[in-house]
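To start, the structure under review is shown below, and the notes come after it.
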Amino acid sequence: MPAPAVRPARVLSGIQPTADSFHIGNHLGALREWVRMQDTHDAYYVVVDQHAITVDHDPALLRQRTLVSFAQLLAIGLDPERCTVFVQSHVPEHSQLAWVLECQTGFGEASRMTQFKDKSQKGGADRSTVGLFTYPILQAADILIYQADAVPVGEDQRQHLELTRDLASRFNTNFGDTLTVPQAMFVKETAKIVDLADPTSKMSKSSPSGCAFLLDSDAVLAKKFKSAVTDSEREIRFDPAEKPGVSNLLTMQQAITGVTMESLVAGYEGRGYGDLKADTAEVVISFIRPIRERVVELMEHPDELRRLMGHGAAKARETARHTLAAVYDAVGFVAIPGE
Ligand code: ATP
Ligand code: LTN
């Protein structure tokens with residue numbers, strides 16, 4: 001008798017459409033792992049447009065950024081046949097589950113979320129919305145609606161993942177086993193990319209001059225790498241604490257080419273920072289160029305892009321509706337006949 005097929009573990013992760021372009025830090029630090037996991041896991045990836053309206057936003061920009069974020073996910077190698085890639089607002093079950101979960105969340109518990117405290121302080125506490133306050137609960141719904149086993153995220157999401165786990169367990173205790181309690185899967189720090197112009201801070205879209213965007217032109221990228229900040233020494237070695245600028249360039253090359261750090265560094269013996277910058281620019285540009293070209297092509301075919309979004313949403317809803325039905329039943333909602 002053949003062994004029963006083992007269901008691959010399900011993962012879910014999300015990214016906000018809050019930038020005109022992803023950057024090489026997002027890619028090497030997180031998204032590349034998403035691409036890898038589509039072959040080892042039952043992977044769900046979501047562009048969380050509903051999370052993006054928790055702060056002030058421009059509707060036309062949000063629409064454009066949602067399309068271009070989705071296009072970039074496809075361009076970096078997510079294959080709609082090998083994973084489920086979709087847009088959050090296309091799957092209404094997320095917000096339907098979020099309401100039920102909100103009714104399970106303590107006010108004090110939600111008040112302790114540090115990201116809310118940080119973000120609401122930045123914008124002025126009086127201007128914060130209830131949506132920003134309940135952001136982590138919608139995030140919990142994103143995860144629990146698919147019964148995800150694991151959630152690949154950065155360290156900054158630790159507290160939101162803890163809340164997600166607490167809510168799932170609480171729901172199961174109160175209403176019977178319904179939701180999978182997911183594991184957080186913290187993506188290794190191997191490719192933490194720092195700012196090209198200020199190597200003491202992480203590369204971020206909010207500091208565009210030191211940020212290598214996937215949609216930057218070759219010329220812009222070349223310029224950013226040429227003026228990358230290094231240090232006043234001459235020695236090329238990997239030492240992120242003492243030599244963050246030089247180490248960052250080495251990290252990018254290493255992450256893209258896959259050579260060992262040792263042999264990469266050995267190749268620079270007797271050579272200078274100019275060479276290191278030029279080589280890194282070349283490696284990064286050749287890596288990014290096909291991604292950018294694919295994004296341009298996809299954006300020129302918005303109907304095809306929307307078709308793929310529809311395909312992802314249909315796949316996602318197929319799973320989401322089962323969980324929602326079970327949750328609605330567990331809390332005592334009366335089912336509509338035939339549904
Ligand atoms: P911001 O640009 O506002 O700082 P961000 O660049 O961190 O935001 P997010 O949308 O928060 O963008 O990040 C998306 C994913 O990319 C997250 O999983 C995050 O951990 C990862 N990431 C972001 N910046 C880097 C970086 N410099 N190095 C490695 N990974 C990164
Ligand atoms: N809050 C996350 C984005 C996010 C997410 C999710 C990540 C929304 N829903 C579900 C993992 C799973 C962020 O800002 N990086």
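Each chain in the structure tokens gets a letter, A, B, ..., in the order shown, and its residues are numbered from 1; ligands are numbered from 1 in order too.
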| field | Residues within 7 Å of ligand 2, counting only C-alpha atoms and all ligand atoms, as a VMD selection string | value | chain A and resid 12 to 16 48 51 139 to 140 142 to 143 151 to 153 157
| said: Using only C-alpha atoms, which protein or nucleic acid residues come within 12 Å of A:Thr230? Drop anything in the same chain fewer than 2 positions from it, and give the result as a count of residues only. | reply: 33
| request: Apply DSSP to the structure's backbone, then extract all residues of stretch 1-151 of chain A labelled strand (DSSP E or B) and return them as a VMD selection string. | output: chain A and resid 10 to 15 23 42 to 47 84 to 87 150 to 151
| field | A:Gln96, A:Thr84, A:Thr18, A:Ser217 ranked by distance to A:Lys315, top pick (using only C-alpha atoms) | value |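 The closest residue to A:Lys315 is A:Thr84.
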| message | With distances taken over only C-alpha atoms, which residue among A:Gln254, A:Gln72, A:Gln64, A:Thr180 lies nearest A:Val35? | response |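 Among the listed residues, A:Gln72 lies closest to A:Val35.
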| said: Here is a test: counting only C-alpha atoms and all ligand atoms, which residue of A:Leu161, A:Cys211, A:Ala330, A:Leu101 is nearest to ligand 1? | reply: A:Cys211
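Selecting all polymer residues at most 7 Å from ligand 1, using only C-alpha atoms and all ligand atoms, gives Ile15, Gln16, Gly25, Asn26, His27, Leu28, Gly29, Ala30, Leu31, Val153, Gly154, Ala191, Lys192, Ile193, Val194, Lys202, Met203, Ser204, Lys205 and Ser206 of chain A.
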| request: Could you check which of A:Glu109, A:Asp42, A:Glu102, A:Asp149 is closest to A:Pro80, using only C-alpha atoms? | output: A:Asp42
| said: Residues near stretch 287-294 of chain A, anyone? I mean within 7 Å using only C-alpha atoms, not counting same-chain ones fewer than 5 positions away, as number ranges by chain. | reply: A: 75-76, 214-215
| request: For A:Gly131, list every protein, DNA or RNA residue within 12 Å, evaluated using only C-alpha atoms, and leave out those in the same chain fewer than 3 positions away; present the list as a list of chain:residue names. | output: A:Gln50, A:His51, A:Ala52, A:Ile53, A:Thr54, A:Val55, A:Asp56, A:Ser95, A:Ala98, A:Trp99, A:Glu102, A:Ala110, A:Phe116, A:Ser120, A:Arg127, A:Ser128, A:Thr134, A:Tyr135, A:Pro136, A:Ile137, A:Leu138, A:Gln139
| said: Counting only C-alpha atoms, which residue out of A:Phe186, A:Phe175, A:Phe70, A:Phe133 sits closest to A:Asp20? | reply: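 The shortest atom-to-atom distance to A:Asp20 comes from A:Phe70.
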| message | From a backbone DSSP assignment, name each residue in stretch 32-150 of chain A labelled alpha helix (DSSP H), as a VMD selection string. | response | chain A and resid 32 to 37 59 to 75 93 to 102 107 to 111 114 to 123 130 to 144
| Atom pair atom CA of A:Thr323 / atom CA of A:Thr178: separation (Å) | 7.8 Å
| Please, what distance in Å, to one decimal, runs between atom CA of A:Ile336 and atom CA of A:His94? | 19.4 Å
| Selected residue of minimal separation from A:Ala19 among A:Val47, A:Val296, A:Met37, A:Val6, counting only C-alpha atoms |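 The shortest atom-to-atom distance to A:Ala19 comes from A:Val47.
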| atom CA of A:Ser169 to atom CA of A:Arg112, distance in Å rounded to a single decimal | 18.7 Å
